[in-house]
Amino acid sequence: MGEILPYFLATVLASAAVHKLAARERLAAAAAQLTGLPPSLGQPLSLSAATIEAGAALSLLIPAARPAGCGLAVLLWSAYALLLWRARQRGDRFDCGCSLSGPSRSTEAYPVLRAALLAALAALAAVLPAGSPNILSVFGALTFFALYLAAGEIASASSSARSLAR
């Protein structure tokens, strides 16, 4: 687990950064809405987050830089969890960027819990002893990442199904 967790977190961070670049307009609008900033600031905010995510992902892959990467990841995911929680408390329907298949307007608890769990896992990775990297660690991390993506898609689909049922 000493190497799987940092690799998994690095994969999540890197994919989030790539997602922000691939769905630039959608996630810029989501960032502005979530933070309460004007739409014109959504793009710089989203790109800044993508840059920090990419830096944290790279740091997690380098054992000497891992504490810094974990710290950045904890700060990012904690702030995201707080923003999502505040939006949920207000009853806002927001696009959390959680689904790869498209916008999901949600007031569900899943995005908040997911961000808080990722922050906790990053804190755990900071205190776990670093193991020696090997191919099994990489495949283990990719397996957890696949499960992570599947959970997000299932949560998005169930949220959409509940919305249609109302």
# chains A, B, ... in the order shown; residues from 1 in each chain; ligands from 1

$ select_by_dssp --residues "region 2-166 of chain A" --states "strand (DSSP E or B)" --output "PyMOL selection string"
chain A and resi 94-95+105-106

$ select_by_dssp --residues "chain A" --states "helix (DSSP H, G or I)" --output "ChimeraX atom specification"
/A:4-22,24-35,39-61,63-90,110-127,135-165

$ atom_distance --atom1 "CA of Ile135 (chain A)" --atom2 "CA of Ile4 (chain A)"
10.0 Å

$ closest_residue --among "A:Ala130, A:Leu82, A:Leu124, A:Ala68" --to "Val112 (chain A)" --atoms "only C-alpha atoms"
A:Leu82

$ closest_residue --among "A:Gly91, A:Pro133, A:Pro6, A:Pro39" --to "Leu121 (chain A)" --atoms "only C-alpha atoms"
A:Pro6

$ residues_around --residues "Thr51 (chain A)" --least-positions-apart "5" --cutoff "12 Å" --atoms "only C-alpha atoms" --output "count of residues only"
17

$ residues_around --residues "Glu25 (chain A)" --least-positions-apart "5" --cutoff "9 Å" --atoms "only C-alpha atoms" --output "list in words"
Lys20, Ala30, Gly42 and Gln43 of chain A

$ write_last_selection --atoms "C-alpha atoms" --output "PDB file, in the first residue's frame"
ATOM      1  CA  LYS A  20      -9.963  20.575 -16.977  1.00  0.00           C
ATOM      2  CA  ALA A  30     -18.398  25.102 -12.997  1.00  0.00           C
ATOM      3  CA  GLY A  42     -13.715  30.753 -14.207  1.00  0.00           C
ATOM      4  CA  GLN A  43     -11.131  30.001 -16.898  1.00  0.00           C
TER       5      GLN A  43
END

$ decode --residues "region 19-104 of chain A" --atoms "C-alpha atoms" --output "mmCIF file, in the first residue's frame"
data_model
loop_
_atom_site.group_PDB
_atom_site.id
_atom_site.type_symbol
_atom_site.label_atom_id
_atom_site.label_comp_id
_atom_site.auth_asym_id
_atom_site.auth_seq_id
_atom_site.Cartn_x
_atom_site.Cartn_y
_atom_site.Cartn_z
ATOM 1 C CA HIS A 19 -10.124 16.832 -17.702
ATOM 2 C CA LYS A 20 -9.963 20.575 -16.977
ATOM 3 C CA LEU A 21 -8.019 21.086 -20.204
ATOM 4 C CA ALA A 22 -10.240 18.810 -22.310
ATOM 5 C CA ALA A 23 -13.544 20.263 -21.039
ATOM 6 C CA ARG A 24 -12.213 23.787 -20.587
ATOM 7 C CA GLU A 25 -15.449 25.764 -21.052
ATOM 8 C CA ARG A 26 -17.623 23.404 -18.997
ATOM 9 C CA LEU A 27 -15.246 23.232 -16.053
ATOM 10 C CA ALA A 28 -14.440 26.963 -16.166
ATOM 11 C CA ALA A 29 -18.165 27.685 -15.784
ATOM 12 C CA ALA A 30 -18.398 25.102 -12.997
ATOM 13 C CA ALA A 31 -15.415 26.644 -11.167
ATOM 14 C CA ALA A 32 -16.919 30.126 -11.352
ATOM 15 C CA GLN A 33 -20.315 28.904 -10.143
ATOM 16 C CA LEU A 34 -18.865 26.826 -7.333
ATOM 17 C CA THR A 35 -16.658 29.634 -5.990
ATOM 18 C CA GLY A 36 -19.200 32.384 -6.559
ATOM 19 C CA LEU A 37 -16.749 34.293 -8.752
ATOM 20 C CA PRO A 38 -17.741 36.060 -11.976
ATOM 21 C CA PRO A 39 -17.801 33.790 -15.048
ATOM 22 C CA SER A 40 -14.869 35.710 -16.543
ATOM 23 C CA LEU A 41 -12.645 34.370 -13.743
ATOM 24 C CA GLY A 42 -13.715 30.753 -14.207
ATOM 25 C CA GLN A 43 -11.131 30.001 -16.898
ATOM 26 C CA PRO A 44 -8.083 31.326 -14.963
ATOM 27 C CA LEU A 45 -9.320 29.623 -11.799
ATOM 28 C CA SER A 46 -9.836 26.284 -13.539
ATOM 29 C CA LEU A 47 -6.456 26.455 -15.301
ATOM 30 C CA SER A 48 -4.743 27.384 -12.028
ATOM 31 C CA ALA A 49 -6.321 24.378 -10.351
ATOM 32 C CA ALA A 50 -5.183 22.171 -13.248
ATOM 33 C CA THR A 51 -1.619 23.470 -12.867
ATOM 34 C CA ILE A 52 -1.607 22.784 -9.134
ATOM 35 C CA GLU A 53 -3.092 19.327 -9.690
ATOM 36 C CA ALA A 54 -0.418 18.489 -12.263
ATOM 37 C CA GLY A 55 2.340 19.712 -9.933
ATOM 38 C CA ALA A 56 0.945 17.723 -7.023
ATOM 39 C CA ALA A 57 0.658 14.614 -9.221
ATOM 40 C CA LEU A 58 4.291 14.896 -10.275
ATOM 41 C CA SER A 59 5.364 15.469 -6.672
ATOM 42 C CA LEU A 60 3.580 12.326 -5.551
ATOM 43 C CA LEU A 61 5.641 10.276 -7.994
ATOM 44 C CA ILE A 62 8.967 11.503 -6.580
ATOM 45 C CA PRO A 63 9.597 10.065 -3.097
ATOM 46 C CA ALA A 64 11.583 13.108 -1.909
ATOM 47 C CA ALA A 65 8.813 15.481 -3.063
ATOM 48 C CA ARG A 66 5.924 13.295 -1.887
ATOM 49 C CA PRO A 67 5.207 15.274 1.319
ATOM 50 C CA ALA A 68 4.766 18.445 -0.734
ATOM 51 C CA GLY A 69 2.520 16.640 -3.213
ATOM 52 C CA CYS A 70 0.440 15.218 -0.384
ATOM 53 C CA GLY A 71 0.138 18.653 1.193
ATOM 54 C CA LEU A 72 -1.029 20.218 -2.073
ATOM 55 C CA ALA A 73 -3.496 17.388 -2.618
ATOM 56 C CA VAL A 74 -4.915 17.737 0.900
ATOM 57 C CA LEU A 75 -5.361 21.497 0.418
ATOM 58 C CA LEU A 76 -6.956 21.124 -3.025
ATOM 59 C CA TRP A 77 -9.385 18.376 -2.086
ATOM 60 C CA SER A 78 -10.262 19.951 1.272
ATOM 61 C CA ALA A 79 -11.061 23.269 -0.397
ATOM 62 C CA TYR A 80 -13.072 21.467 -3.071
ATOM 63 C CA ALA A 81 -14.997 19.468 -0.450
ATOM 64 C CA LEU A 82 -15.777 22.674 1.443
ATOM 65 C CA LEU A 83 -16.976 24.477 -1.691
ATOM 66 C CA LEU A 84 -19.127 21.500 -2.694
ATOM 67 C CA TRP A 85 -20.562 21.218 0.816
ATOM 68 C CA ARG A 86 -21.433 24.941 0.883
ATOM 69 C CA ALA A 87 -23.128 24.675 -2.521
ATOM 70 C CA ARG A 88 -25.053 21.643 -1.341
ATOM 71 C CA GLN A 89 -26.140 23.437 1.848
ATOM 72 C CA ARG A 90 -27.494 26.307 -0.282
ATOM 73 C CA GLY A 91 -29.363 23.762 -2.412
ATOM 74 C CA ASP A 92 -27.464 24.784 -5.548
ATOM 75 C CA ARG A 93 -27.569 22.386 -8.444
ATOM 76 C CA PHE A 94 -24.039 22.459 -9.735
ATOM 77 C CA ASP A 95 -21.857 20.722 -12.257
ATOM 78 C CA CYS A 96 -19.123 19.198 -10.129
ATOM 79 C CA GLY A 97 -17.227 17.962 -13.181
ATOM 80 C CA CYS A 98 -17.479 14.505 -11.645
ATOM 81 C CA SER A 99 -18.654 12.657 -14.708
ATOM 82 C CA LEU A 100 -16.646 12.024 -17.840
ATOM 83 C CA SER A 101 -19.832 11.474 -19.811
ATOM 84 C CA GLY A 102 -21.045 15.045 -19.489
ATOM 85 C CA PRO A 103 -22.439 17.644 -17.140
ATOM 86 C CA SER A 104 -24.193 16.340 -14.095
#
